[in-house]
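Asks: See my_file10.pdb below, with PDB, C-alpha atoms and all ligand atoms.
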ATOM      1  CA  MET A  25      -4.403 -10.170 -20.604
ATOM      2  CA  ALA A  26      -7.727  -8.457 -19.827
ATOM      3  CA  THR A  27     -10.172  -8.051 -22.737
ATOM      4  CA  ARG A  28     -10.516  -4.467 -23.925
ATOM      5  CA  VAL A  29     -12.909  -3.137 -26.502
ATOM      6  CA  LYS A  30     -11.190  -0.963 -29.107
ATOM      7  CA  GLN A  31     -12.555   2.459 -29.975
ATOM      8  CA  GLU A  32     -13.744   2.825 -33.509
ATOM      9  CA  PRO A  33     -12.696   5.901 -35.491
ATOM     10  CA  VAL A  34     -15.355   8.560 -35.168
ATOM     11  CA  SER A  35     -16.401  11.258 -37.543
ATOM     12  CA  PRO A  36     -16.659  14.768 -36.116
ATOM     13  CA  THR A  37     -20.413  14.682 -36.771
ATOM     14  CA  SER A  38     -21.072  11.783 -34.424
ATOM     15  CA  ARG A  39     -18.956  13.470 -31.736
ATOM     16  CA  ASP A  40     -21.116  16.577 -32.012
ATOM     17  CA  VAL A  41     -24.366  14.632 -31.820
ATOM     18  CA  SER A  42     -23.270  12.798 -28.670
ATOM     19  CA  SER A  43     -21.938  15.873 -26.857
ATOM     20  CA  PRO A  44     -23.750  16.437 -23.588
ATOM     21  CA  PRO A  45     -26.305  19.229 -23.535
ATOM     22  CA  PRO A  46     -24.991  22.539 -22.198
ATOM     23  CA  GLY A  47     -24.521  22.398 -18.437
ATOM     24  CA  VAL A  48     -24.125  18.574 -18.343
ATOM     25  CA  ASN A  49     -20.653  17.351 -17.493
ATOM     26  CA  HIS A  50     -19.336  14.656 -19.862
ATOM     27  CA  ASN A  51     -18.211  12.445 -16.968
ATOM     28  CA  SER A  52     -21.614  12.479 -15.328
ATOM     29  CA  GLN A  53     -23.179  11.712 -18.705
ATOM     30  CA  ILE A  54     -20.894   8.655 -19.038
ATOM     31  CA  VAL A  55     -21.863   7.505 -15.523
ATOM     32  CA  GLU A  56     -25.558   7.909 -16.295
ATOM     33  CA  ARG A  57     -25.222   6.041 -19.610
ATOM     34  CA  GLU A  58     -23.118   3.317 -18.029
ATOM     35  CA  GLN A  59     -25.954   2.730 -15.582
ATOM     36  CA  ARG A  60     -28.493   2.567 -18.438
ATOM     37  CA  ILE A  61     -26.416   0.009 -20.340
ATOM     38  CA  LEU A  62     -25.940  -1.989 -17.165
ATOM     39  CA  ASN A  63     -29.719  -2.022 -16.594
ATOM     40  CA  LEU A  64     -30.218  -3.125 -20.196
ATOM     41  CA  LEU A  65     -27.721  -5.947 -19.778
ATOM     42  CA  GLN A  66     -29.312  -7.042 -16.496
ATOM     43  CA  LYS A  67     -32.799  -7.127 -18.033
ATOM     44  CA  SER A  68     -31.728  -9.121 -21.068
ATOM     45  CA  THR A  69     -31.559 -12.893 -20.741
ATOM     46  CA  LYS A  70     -29.443 -13.128 -23.935
ATOM     47  CA  ALA A  71     -26.198 -11.447 -24.902
ATOM     48  CA  ILE A  72     -26.756  -8.016 -26.471
ATOM     49  CA  SER A  73     -24.905  -6.344 -29.342
ATOM     50  CA  ASP A  74     -23.960  -2.740 -30.116
ATOM     51  CA  LYS A  75     -27.226  -2.499 -32.094
ATOM     52  CA  GLU A  76     -29.358  -2.991 -28.967
ATOM     53  CA  ILE A  77     -27.175  -0.525 -27.056
ATOM     54  CA  LEU A  78     -27.733   2.063 -29.806
ATOM     55  CA  LEU A  79     -31.471   1.434 -29.708
ATOM     56  CA  GLU A  80     -31.396   2.275 -25.988
ATOM     57  CA  ILE A  81     -29.098   5.305 -26.392
ATOM     58  CA  PRO A  82     -29.231   6.421 -30.056
ATOM     59  CA  ASP A  83     -26.786   9.309 -29.665
ATOM     60  CA  LEU A  84     -24.050   7.252 -27.960
ATOM     61  CA  SER A  85     -20.736   7.825 -29.722
ATOM     62  CA  PRO A  86     -18.457   4.830 -30.517
ATOM     63  CA  GLN A  87     -15.792   6.270 -28.166
ATOM     64  CA  ASP A  88     -18.197   6.606 -25.257
ATOM     65  CA  ARG A  89     -19.571   3.145 -25.968
ATOM     66  CA  ALA A  90     -16.043   1.666 -25.890
ATOM     67  CA  THR A  91     -15.262   3.577 -22.649
ATOM     68  CA  ILE A  92     -18.438   2.321 -20.986
ATOM     69  CA  ILE A  93     -17.971  -1.288 -22.135
ATOM     70  CA  ASN A  94     -14.358  -1.240 -20.924
ATOM     71  CA  ASN A  95     -15.464   0.252 -17.576
ATOM     72  CA  LEU A  96     -18.061  -2.486 -17.148
ATOM     73  CA  LEU A  97     -15.551  -5.153 -18.158
ATOM     74  CA  GLN A  98     -13.052  -3.817 -15.642
ATOM     75  CA  LYS A  99     -15.663  -3.868 -12.893
ATOM     76  CA  GLY A 100     -16.494  -7.479 -13.778
ATOM     77  CA  PHE A 101     -20.099  -6.781 -14.825
ATOM     78  CA  LEU A 102     -19.972  -8.402 -18.238
ATOM     79  CA  ASP A 103     -18.458 -11.030 -20.483
ATOM     80  CA  VAL A 104     -17.655 -10.300 -24.136
ATOM     81  CA  PHE A 105     -18.173 -12.910 -26.855
ATOM     82  CA  LYS A 106     -17.679 -12.901 -30.602
ATOM     83  CA  GLN A 107     -20.742 -13.751 -32.693
ATOM     84  CA  GLY A 108     -19.724 -13.954 -36.341
ATOM     85  CA  GLU A 109     -18.016 -10.644 -37.018
ATOM     86  CA  LYS A 110     -19.567  -8.664 -34.155
ATOM     87  CA  LEU A 111     -19.062  -8.495 -30.422
ATOM     88  CA  VAL A 112     -21.886  -9.294 -27.999
ATOM     89  CA  TYR A 113     -22.081  -8.581 -24.278
ATOM     90  CA  LYS A 114     -23.621 -10.623 -21.495
ATOM     91  CA  PHE A 115     -24.238  -9.441 -17.952
ATOM     92  CA  LYS A 116     -22.508 -11.332 -15.137
ATOM     93  CA  GLU A 117     -22.494 -10.822 -11.387
ATOM     94  CA  PRO A 118     -19.092  -9.577 -10.237
ATOM     95  CA  SER A 119     -17.467 -11.824  -7.661
ATOM     96  CA  CYS A 120     -18.744 -10.410  -4.371
ATOM     97  CA  PRO A 121     -19.137 -11.895  -0.920
ATOM     98  CA  SER A 122     -22.608 -12.841   0.301
ATOM     99  CA  LYS A 123     -22.773  -9.615   2.350
ATOM    100  CA  ILE A 124     -22.725  -7.464  -0.805
ATOM    101  CA  LYS A 125     -24.949  -9.698  -2.968
ATOM    102  CA  GLY A 126     -28.125  -7.648  -2.419
ATOM    103  CA  ALA A 127     -26.308  -4.296  -2.679
ATOM    104  CA  ASP A 128     -26.968  -1.805  -5.472
ATOM    105  CA  ASN A 129     -24.641  -1.400  -8.454
ATOM    106  CA  GLU A 130     -22.772   1.589  -7.046
ATOM    107  CA  GLU A 131     -21.858  -0.382  -3.926
ATOM    108  CA  LYS A 132     -20.719  -3.308  -6.058
ATOM    109  CA  ILE A 133     -18.522  -0.999  -8.138
ATOM    110  CA  VAL A 134     -16.902   0.508  -5.034
ATOM    111  CA  TYR A 135     -16.470  -2.969  -3.576
ATOM    112  CA  SER A 136     -14.823  -4.345  -6.726
ATOM    113  CA  ILE A 137     -12.360  -1.421  -6.897
ATOM    114  CA  ILE A 138     -11.408  -1.875  -3.240
ATOM    115  CA  GLU A 139     -11.094  -5.628  -3.741
ATOM    116  CA  LYS A 140      -8.749  -5.064  -6.692
ATOM    117  CA  ALA A 141      -6.487  -2.847  -4.538
ATOM    118  CA  GLY A 142      -5.569  -5.869  -2.375
ATOM    119  CA  ASN A 143      -3.790  -5.411   0.953
ATOM    120  CA  LYS A 144      -2.107  -2.162  -0.145
ATOM    121  CA  GLY A 145      -5.569  -0.578  -0.154
ATOM    122  CA  ILE A 146      -6.779   2.371  -2.167
ATOM    123  CA  TRP A 147      -6.717   6.015  -1.190
ATOM    124  CA  THR A 148     -10.111   7.794  -1.075
ATOM    125  CA  ARG A 149      -9.112  10.221  -3.817
ATOM    126  CA  ASP A 150      -8.038   7.445  -6.214
ATOM    127  CA  LEU A 151     -11.194   5.535  -5.351
ATOM    128  CA  ARG A 152     -13.328   8.565  -6.239
ATOM    129  CA  VAL A 153     -11.546   8.957  -9.591
ATOM    130  CA  GLU A 154     -11.964   5.273 -10.440
ATOM    131  CA  CYS A 155     -15.596   4.871  -9.460
ATOM    132  CA  ASN A 156     -16.685   8.256 -10.817
ATOM    133  CA  LEU A 157     -19.136   8.855  -7.975
ATOM    134  CA  ASP A 158     -19.616  12.140  -6.166
ATOM    135  CA  GLN A 159     -18.011  12.519  -2.740
ATOM    136  CA  THR A 160     -21.289  12.390  -0.769
ATOM    137  CA  THR A 161     -22.493   9.173  -2.428
ATOM    138  CA  LEU A 162     -19.065   7.596  -2.081
ATOM    139  CA  ASN A 163     -18.840   8.525   1.626
ATOM    140  CA  LYS A 164     -22.282   7.006   2.224
ATOM    141  CA  ILE A 165     -21.265   3.753   0.503
ATOM    142  CA  LEU A 166     -17.942   3.590   2.358
ATOM    143  CA  LYS A 167     -19.674   4.152   5.700
ATOM    144  CA  LYS A 168     -22.211   1.428   4.941
ATOM    145  CA  LEU A 169     -19.595  -1.116   3.820
ATOM    146  CA  GLU A 170     -17.475  -0.260   6.868
ATOM    147  CA  SER A 171     -20.384  -0.712   9.288
ATOM    148  CA  GLU A 172     -21.176  -4.087   7.662
ATOM    149  CA  LYS A 173     -17.505  -5.089   8.147
ATOM    150  CA  VAL A 174     -17.060  -5.677   4.410
ATOM    151  CA  ILE A 175     -14.229  -3.135   4.137
ATOM    152  CA  LYS A 176     -12.021  -1.241   6.581
ATOM    153  CA  ALA A 177     -10.124   2.042   6.624
ATOM    154  CA  VAL A 178      -6.441   1.834   7.532
ATOM    155  CA  LYS A 179      -4.276   4.842   8.362
ATOM    156  CA  SER A 180      -1.173   4.968   6.208
ATOM    157  CA  VAL A 181       2.237   5.786   7.683
ATOM    158  CA  ALA A 182       3.067   7.574   4.430
ATOM    159  CA  ALA A 183       0.939  10.604   5.348
ATOM    160  CA  ALA A 184      -0.669  11.638   8.606
ATOM    161  CA  ARG A 185      -4.086  12.277   7.078
ATOM    162  CA  LYS A 186      -4.054   9.521   4.480
ATOM    163  CA  LYS A 187      -6.546   6.688   4.871
ATOM    164  CA  VAL A 188      -6.693   3.708   2.553
ATOM    165  CA  TYR A 189      -9.553   1.254   2.137
ATOM    166  CA  MET A 190      -9.205  -2.502   1.784
ATOM    167  CA  LEU A 191     -11.317  -5.609   2.328
ATOM    168  CA  TYR A 192     -12.068  -6.236   6.002
ATOM    169  CA  SER A 193     -10.492  -9.700   6.015
ATOM    170  CA  LEU A 194      -7.101  -8.521   4.699
ATOM    171  CA  GLU A 195      -3.956  -7.919   6.737
ATOM    172  CA  PRO A 196      -2.560  -4.522   5.627
ATOM    173  CA  ASP A 197       0.744  -4.564   3.777
ATOM    174  CA  SER A 198       3.767  -3.337   5.766
ATOM    175  CA  SER A 199       4.126  -0.398   3.338
ATOM    176  CA  VAL A 200       0.808   0.866   4.751
ATOM    177  CA  THR A 201       1.310   0.137   8.448
ATOM    178  CA  GLY A 202       5.086   0.701   8.550
ATOM    179  CA  GLY A 203       5.491  -2.881   9.783
ATOM    180  CA  ALA A 204       6.530  -3.798  13.312
ATOM    181  CA  TRP A 205       8.169  -0.416  13.928
ATOM    182  CA  TYR A 206       4.999   1.623  13.852
ATOM    183  CA  ASN A 207       2.055   1.649  16.203
ATOM    184  CA  ASP A 208      -0.904   3.581  14.849
ATOM    185  CA  GLN A 209       1.374   5.781  12.675
ATOM    186  CA  ASP A 210       3.826   6.481  15.524
ATOM    187  CA  PHE A 211       7.383   5.275  15.120
ATOM    188  CA  GLU A 212       8.249   3.085  18.132
ATOM    189  CA  ALA A 213      11.722   4.521  18.747
ATOM    190  CA  GLU A 214      12.020   3.018  22.234
ATOM    191  CA  PHE A 215      11.080  -0.467  21.026
ATOM    192  CA  VAL A 216      13.607  -0.218  18.183
ATOM    193  CA  ASP A 217      16.293   0.876  20.694
ATOM    194  CA  VAL A 218      15.571  -2.092  22.983
ATOM    195  CA  LEU A 219      15.710  -4.518  20.055
ATOM    196  CA  ASN A 220      18.926  -2.915  18.877
ATOM    197  CA  GLN A 221      20.504  -3.379  22.322
ATOM    198  CA  GLN A 222      19.296  -6.983  22.666
ATOM    199  CA  CYS A 223      20.537  -7.985  19.207
ATOM    200  CA  TYR A 224      23.930  -6.480  19.993
ATOM    201  CA  ARG A 225      23.968  -8.178  23.410
ATOM    202  CA  PHE A 226      23.389 -11.583  21.789
ATOM    203  CA  LEU A 227      26.193 -11.070  19.266
ATOM    204  CA  HIS A 228      28.505  -9.661  21.933
ATOM    205  CA  GLN A 229      27.899 -12.657  24.229
ATOM    206  CA  LYS A 230      28.829 -15.021  21.389
ATOM    207  CA  LYS A 231      31.990 -13.029  20.766
ATOM    208  CA  GLU A 232      32.945 -13.099  24.479
ATOM    209  CA  ALA A 233      32.321 -16.870  24.669
ATOM    210  CA  VAL A 234      35.020 -17.596  22.059
ATOM    211  CA  LYS A 235      37.580 -15.172  23.430
ATOM    212  CA  ASN A 236      39.765 -18.007  24.712
ATOM    213  CA  CYS A 237      39.246 -20.278  21.711
ATOM    214  CA  LYS A 238      42.477 -22.023  20.845
ATOM    215  CA  ASP A 239      41.435 -23.367  17.434
ATOM    216  CA  GLY A 240      42.600 -20.354  15.469
ATOM    217  CA  PRO A 241      41.025 -17.091  14.287
ATOM    218  CA  ILE A 242      38.856 -18.563  11.495
ATOM    219  CA  VAL A 243      37.180 -21.053  13.839
ATOM    220  CA  ALA A 244      36.736 -18.338  16.495
ATOM    221  CA  GLN A 245      35.231 -16.010  13.902
ATOM    222  CA  ASN A 246      32.784 -18.691  12.735
ATOM    223  CA  MET A 247      31.811 -19.539  16.303
ATOM    224  CA  ALA A 248      31.189 -15.868  17.122
ATOM    225  CA  SER A 249      28.872 -15.460  14.118
ATOM    226  CA  ALA A 250      25.133 -15.924  14.280
ATOM    227  CA  SER A 251      22.586 -16.161  11.524
ATOM    228  CA  SER A 252      19.676 -13.718  11.458
ATOM    229  CA  LYS A 253      17.437 -16.703  12.220
ATOM    230  CA  ASP A 254      19.429 -17.451  15.437
ATOM    231  CA  VAL A 255      19.056 -13.817  16.541
ATOM    232  CA  TRP A 256      15.356 -13.872  15.641
ATOM    233  CA  LYS A 257      14.884 -17.032  17.772
ATOM    234  CA  TYR A 258      16.689 -15.413  20.713
ATOM    235  CA  ILE A 259      14.571 -12.226  20.485
ATOM    236  CA  SER A 260      11.355 -14.256  20.155
ATOM    237  CA  GLU A 261      12.238 -16.267  23.277
ATOM    238  CA  LEU A 262      12.929 -13.072  25.243
ATOM    239  CA  GLY A 263       9.290 -12.130  24.725
ATOM    240  CA  ILE A 264      10.033  -8.385  24.494
ATOM    241  CA  SER A 265       7.899  -7.847  21.430
ATOM    242  CA  LYS A 266       4.125  -7.618  21.530
ATOM    243  CA  VAL A 267       3.967  -8.023  17.762
ATOM    244  CA  GLN A 268       5.086 -11.061  15.806
ATOM    245  CA  LEU A 269       8.484 -10.198  14.322
ATOM    246  CA  ALA A 270       9.721 -11.748  11.096
ATOM    247  CA  VAL A 271      13.341 -12.709  10.382
ATOM    248  CA  GLN A 272      13.448  -9.760   7.927
ATOM    249  CA  ASP A 273      12.507  -7.371  10.778
ATOM    250  CA  ILE A 274      15.474  -8.638  12.796
ATOM    251  CA  GLU A 275      17.716  -8.291   9.732
ATOM    252  CA  THR A 276      16.683  -4.612   9.553
ATOM    253  CA  ILE A 277      17.820  -4.142  13.164
ATOM    254  CA  LEU A 278      21.032  -6.120  12.595
ATOM    255  CA  ASN A 279      21.790  -3.946   9.570
ATOM    256  CA  THR A 280      21.619  -0.825  11.751
ATOM    257  CA  LEU A 281      24.313  -2.429  13.953
ATOM    258  CA  VAL A 282      26.420  -2.927  10.831
ATOM    259  CA  TYR A 283      25.942   0.733   9.799
ATOM    260  CA  ASP A 284      26.845   1.835  13.336
ATOM    261  CA  GLY A 285      30.107  -0.133  13.070
ATOM    262  CA  LYS A 286      29.107  -2.494  15.919
ATOM    263  CA  ALA A 287      28.744  -5.637  13.793
ATOM    264  CA  GLU A 288      29.818  -7.045  10.478
ATOM    265  CA  ARG A 289      27.797  -9.038   8.018
ATOM    266  CA  SER A 290      28.844 -11.899   5.779
ATOM    267  CA  VAL A 291      26.922 -13.964   3.253
ATOM    268  CA  LEU A 292      27.199 -17.750   3.201
ATOM    269  CA  ALA A 293      27.242 -19.820   0.009
ATOM    270  CA  ASP A 294      23.523 -20.631   0.453
ATOM    271  CA  GLY A 295      22.688 -16.905   0.630
ATOM    272  CA  SER A 296      21.978 -16.776   4.390
ATOM    273  CA  LEU A 297      23.276 -13.772   6.307
ATOM    274  CA  MET A 298      25.660 -14.102   9.257
ATOM    275  CA  TYR A 299      26.362 -11.351  11.776
ATOM    276  CA  ARG A 300      29.266 -10.938  14.207
ATOM    277  CA  ALA A 301      29.915  -8.283  16.834
ATOM    278  CA  VAL A 302      33.066  -6.246  16.187
ATOM    279  CA  GLU A 303      35.047  -3.751  18.205
ATOM    280  CA  SER A 304      35.100  -0.387  16.541
ATOM    281  CA  LEU A 305      38.731   0.599  15.955
ATOM    282  CA  LEU A 306      37.957   4.293  16.435
ATOM    283  CA  PRO A 307      35.258   5.913  18.549
ATOM    284  CA  PRO A 308      32.768   7.966  16.519
ATOM    285  CA  PRO A 309      34.150  11.489  15.948
ATOM    286  CA  GLY A 310      32.814  14.128  18.340
ATOM    287  CA  ILE A 311      30.916  16.064  15.663
ATOM    288  CA  VAL A 312      28.556  13.175  14.822
ATOM    289  CA  ARG A 313      27.704  12.860  18.513
ATOM    290  CA  THR A 314      26.240  16.365  18.558
ATOM    291  CA  PRO A 315      22.796  17.129  17.052
ATOM    292  CA  CYS A 316      24.421  19.492  14.533
ATOM    293  CA  GLY A 317      26.621  16.661  13.199
ATOM    294  CA  VAL A 318      23.587  14.866  11.763
ATOM    295  CA  CYS A 319      21.225  17.816  11.343
ATOM    296  CA  PRO A 320      19.432  17.912   7.968
ATOM    297  CA  ILE A 321      18.965  21.710   8.168
ATOM    298  CA  LEU A 322      22.537  22.531   9.166
ATOM    299  CA  LYS A 323      22.957  24.753   6.088
ATOM    300  CA  GLN A 324      19.967  26.920   7.044
ATOM    301  CA  CYS A 325      21.109  27.293  10.653
ATOM    302  CA  SER A 326      22.977  30.436  11.688
ATOM    303  CA  ASP A 327      23.146  32.896  14.589
ATOM    304  CA  ILE A 328      20.531  35.103  12.902
ATOM    305  CA  GLY A 329      17.158  34.059  11.517
ATOM    306  CA  SER A 330      14.505  31.678  12.800
ATOM    307  CA  ILE A 331      16.734  28.552  12.654
ATOM    308  CA  ASN A 332      19.454  29.151  15.201
ATOM    309  CA  PRO A 333      21.133  27.211  18.033
ATOM    310  CA  ASN A 334      19.434  29.403  20.682
ATOM    311  CA  ASN A 335      15.957  28.149  19.949
ATOM    312  CA  CYS A 336      16.941  24.669  18.688
ATOM    313  CA  VAL A 337      15.064  21.961  20.635
ATOM    314  CA  TYR A 338      17.612  19.273  19.672
ATOM    315  CA  MET A 339      20.461  21.344  21.009
ATOM    316  CA  THR A 340      18.574  22.157  24.236
ATOM    317  CA  GLU A 341      17.735  18.483  24.811
ATOM    318  CA  TRP A 342      21.329  17.433  24.129
ATOM    319  CA  LEU A 343      22.740  19.979  26.573
ATOM    320  CA  GLU A 344      20.347  18.961  29.363
TER     321      GLU A 344
HETATM  322  S1  LIG B   1      21.610  24.065  16.241
HETATM  323 FE1  LIG B   1      19.869  22.741  15.861
HETATM  324  S2  LIG B   1      19.077  23.452  13.919
HETATM  325 FE2  LIG B   1      21.113  24.280  14.101
HETATM  326  S3  LIG B   1      22.428  22.811  13.070
HETATM  327 FE3  LIG B   1      22.406  22.281  15.214
HETATM  328  S4  LIG B   1      20.792  20.795  15.423
HETATM  329 FE4  LIG B   1      20.481  21.800  13.476
END
Please re-express this file's structure in structure tokens.
Ligand code: SF4
Replies:
Amino acid sequence: MATRVKQEPVSPTSRDVSSPPPGVNHNSQIVEREQRILNLLQKSTKAISDKEILLEIPDLSPQDRATIINNLLQKGFLDVFKQGEKLVYKFKEPSCPSKIKGADNEEKIVYSIIEKAGNKGIWTRDLRVECNLDQTTLNKILKKLESEKVIKAVKSVAAARKKVYMLYSLEPDSSVTGGAWYNDQDFEAEFVDVLNQQCYRFLHQKKEAVKNCKDGPIVAQNMASASSKDVWKYISELGISKVQLAVQDIETILNTLVYDGKAERSVLADGSLMYRAVESLLPPPGIVRTPCGVCPILKQCSDIGSINPNNCVYMTEWLE
């Protein structure tokens, strides 16, 4: 568990003394004081105690001191030791790559927050809240780190205008990129359709091959089944995908076949999934073949008002 410095109870008097002067925002005062304590720690060759911190900033309240120490701990700028009954603090360089070694403290803070976010990245707004820097300074730092190829901005599929930052060397998580089905935030519907057809074709061919099997229905059923790994191998060999697909990606496609009633899925004793093409006993009812059958705004649609069949693009496309 990460070390945290507890806040000491404070009397109302000390809170008053440490309040920022009128016109000074408390957050910016904390940032300024954090920087002063950091400078003090950097200058000192030995570990320093709360006494030295109070000599530097006499009106620092115990709460603010605890907040600042915890901030610095979180950013990896110090180590805390126990000396007798009191705590002492020693400056340490946060783990940074050689490219950021000569950078100033603000850059190191931004870097360490982005590093902590891993391959899911961190959204600019969250980054601003965590590092407590103003937007202009933060933008300047981000631009600099980006141009030095220390970090990169990745567009998130979750929101059109959302950009997350992560270390340059990291491969973004599929929750950010949308995985194989998205290209630069656009859903690759055509690619998904082709994969869907090819997966079904493979299963259907297996089913056709055992049509004349004379060893009974169970054997025929087993022979017509394919594991997701078999289907993945077949799709990989076809070379239809420009991106490297994982077995899980193929399972997603195979599951859509199951939901469409074109395949069935079974689980083997070892947990692996098997898929088999099936003939649908009934064709899909007419209503679900029309755009209205699956329309999410069906309830708002009527012959009056702005949502109506006359100006519905889905209906027009379907009728063409
Ligand atoms: S006409 Fe268009 S908007 Fe109205 S229910 Fe059908 S698909 Fe939806």
Asks: Give me, please, the distance in Å between CA of Gly202 in chain A and CA of Ile264 in chain A, quoted to one decimal.
Replies: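 That distance, rounded to one decimal, is 19.0 Å.
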Asks: Can you measure CA of Asp217 in chain A to atom FE1 of ligand LIG 1 (chain B) for me? One decimal in Å is fine.
Replies: 22.7 Å
Asks: As a PyMOL selection string, please: the residues near Ile321 in chain A (cut-off 12 Å, all atoms listed in the file, same-chain neighbours under 5 positions excluded).
Replies: chain A and resi 315-316+326+330-333+336+338
Asks: Check what the PyMOL selection byres (((chain A and resi 232) around 12) and not hetatm) selects in the file above and give those residues as an NGL selection string.
Replies: :A and (225-231 or 233-237 or 244-245 or 247-249 or 300-303)
Asks: For CA of Glu58 in chain A and CA of Lys140 in chain A, determine how far apart the two atoms are, in Å to one decimal place.
Replies: 20.1 Å
Asks: In terms of the shortest atom-to-atom distance over all atoms listed in the file, which of A:Leu343, A:Ala270, A:Leu111, A:Val200 is closest to ligand LIG 1 (chain B)?
Replies: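 Looking only at the distances to ligand LIG 1 (chain B), the closest residue turns out to be A:Leu343.
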Asks: Applied to this file, what does the PyMOL selection byres (((chain A and resi 148) around 8) and not hetatm) return in terms of residues, put as a PyMOL selection string?
Replies: chain A and resi 146-147+149-152+187-189
Asks: If you keep C-alpha atoms, can you produce a file of those selected residues as a compact mmCIF listing (two decimals), in the frame of the given file?
Replies:
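So part_18.txt came out as:
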# COMPACT_ATOMS: atom_id res chain seq x y z
CA ILE A 146 -6.78 2.37 -2.17
CA TRP A 147 -6.72 6.02 -1.19
CA ARG A 149 -9.11 10.22 -3.82
CA ASP A 150 -8.04 7.44 -6.21
CA LEU A 151 -11.19 5.54 -5.35
CA ARG A 152 -13.33 8.56 -6.24
CA LYS A 187 -6.55 6.69 4.87
CA VAL A 188 -6.69 3.71 2.55
CA TYR A 189 -9.55 1.25 2.14
Asks: Name the residues captured by the PyMOL selection byres (((chain A and resi 78) around 12) and not hetatm) when it is applied to the shown file; answer as a list of chain:residue names.
Replies: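 For this structure, the PyMOL selection byres (((chain A and resi 78) around 12) and not hetatm) resolves to A:Ser42, A:Arg57, A:Arg60, A:Ile61, A:Leu64, A:Ile72, A:Ser73, A:Asp74, A:Lys75, A:Glu76, A:Ile77, A:Leu79, A:Glu80, A:Ile81, A:Pro82, A:Asp83, A:Leu84, A:Ser85, A:Pro86, A:Asp88, A:Arg89.
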Asks: Within 12 Å of (10.6, 0.5, 17.8), all atoms listed in the file: residues as a PyMOL selection string?
Replies: chain A and resi 202-207+209-221+264-267+269+273-274+276-277
Asks: Got a sec: who's within 8 Å of Lys116 in chain A, counting only C-alpha atoms, leaving out chain neighbours fewer than 2 positions off, as a list in words?
Replies: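 Using only C-alpha atoms, the neighbours found are Gly100, Phe101, Leu102, Asp103, Lys114 and Pro118 of chain A.
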Asks: Between A:Tyr258, A:Phe115, A:Trp342, A:Tyr135, which has the minimum distance to ligand LIG 1 (chain B) (counting all atoms listed in the file)?
Replies: A:Trp342
Asks: Need a file for range 245-276 of chain A from that block: C-alpha atoms, written as a compact mmCIF listing (two decimals), in the first residue's frame.
Replies:
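Saved to result_7.txt:
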# COMPACT_ATOMS: atom_id res chain seq x y z
CA GLN A 245 -22.20 -32.73 -35.09
CA ASN A 246 -18.68 -32.96 -33.65
CA MET A 247 -17.13 -33.03 -37.11
CA ALA A 248 -19.12 -29.97 -38.19
CA SER A 249 -17.94 -27.97 -35.16
CA ALA A 250 -14.90 -25.75 -35.18
CA SER A 251 -13.09 -24.07 -32.34
CA SER A 252 -12.66 -20.30 -32.38
CA LYS A 253 -8.93 -20.95 -32.84
CA ASP A 254 -9.63 -22.98 -36.04
CA VAL A 255 -11.76 -20.13 -37.42
CA TRP A 256 -9.10 -17.59 -36.41
CA LYS A 257 -6.44 -19.64 -38.27
CA TYR A 258 -8.64 -19.81 -41.38
CA ILE A 259 -9.29 -16.04 -41.34
CA SER A 260 -5.60 -15.29 -40.76
CA GLU A 261 -4.63 -17.47 -43.74
CA LEU A 262 -7.17 -15.70 -45.97
CA GLY A 263 -5.21 -12.49 -45.42
CA ILE A 264 -8.32 -10.28 -45.50
CA SER A 265 -7.37 -8.31 -42.43
CA LYS A 266 -4.78 -5.55 -42.44
CA VAL A 267 -4.67 -5.60 -38.64
CA GLN A 268 -3.55 -8.50 -36.49
CA LEU A 269 -6.72 -10.16 -35.18
CA ALA A 270 -6.80 -12.01 -31.88
CA VAL A 271 -8.83 -15.17 -31.20
CA GLN A 272 -11.10 -13.01 -28.99
CA ASP A 273 -11.84 -10.74 -31.99
CA ILE A 274 -12.98 -13.77 -33.99
CA GLU A 275 -15.07 -14.95 -31.02
CA THR A 276 -16.85 -11.56 -31.10
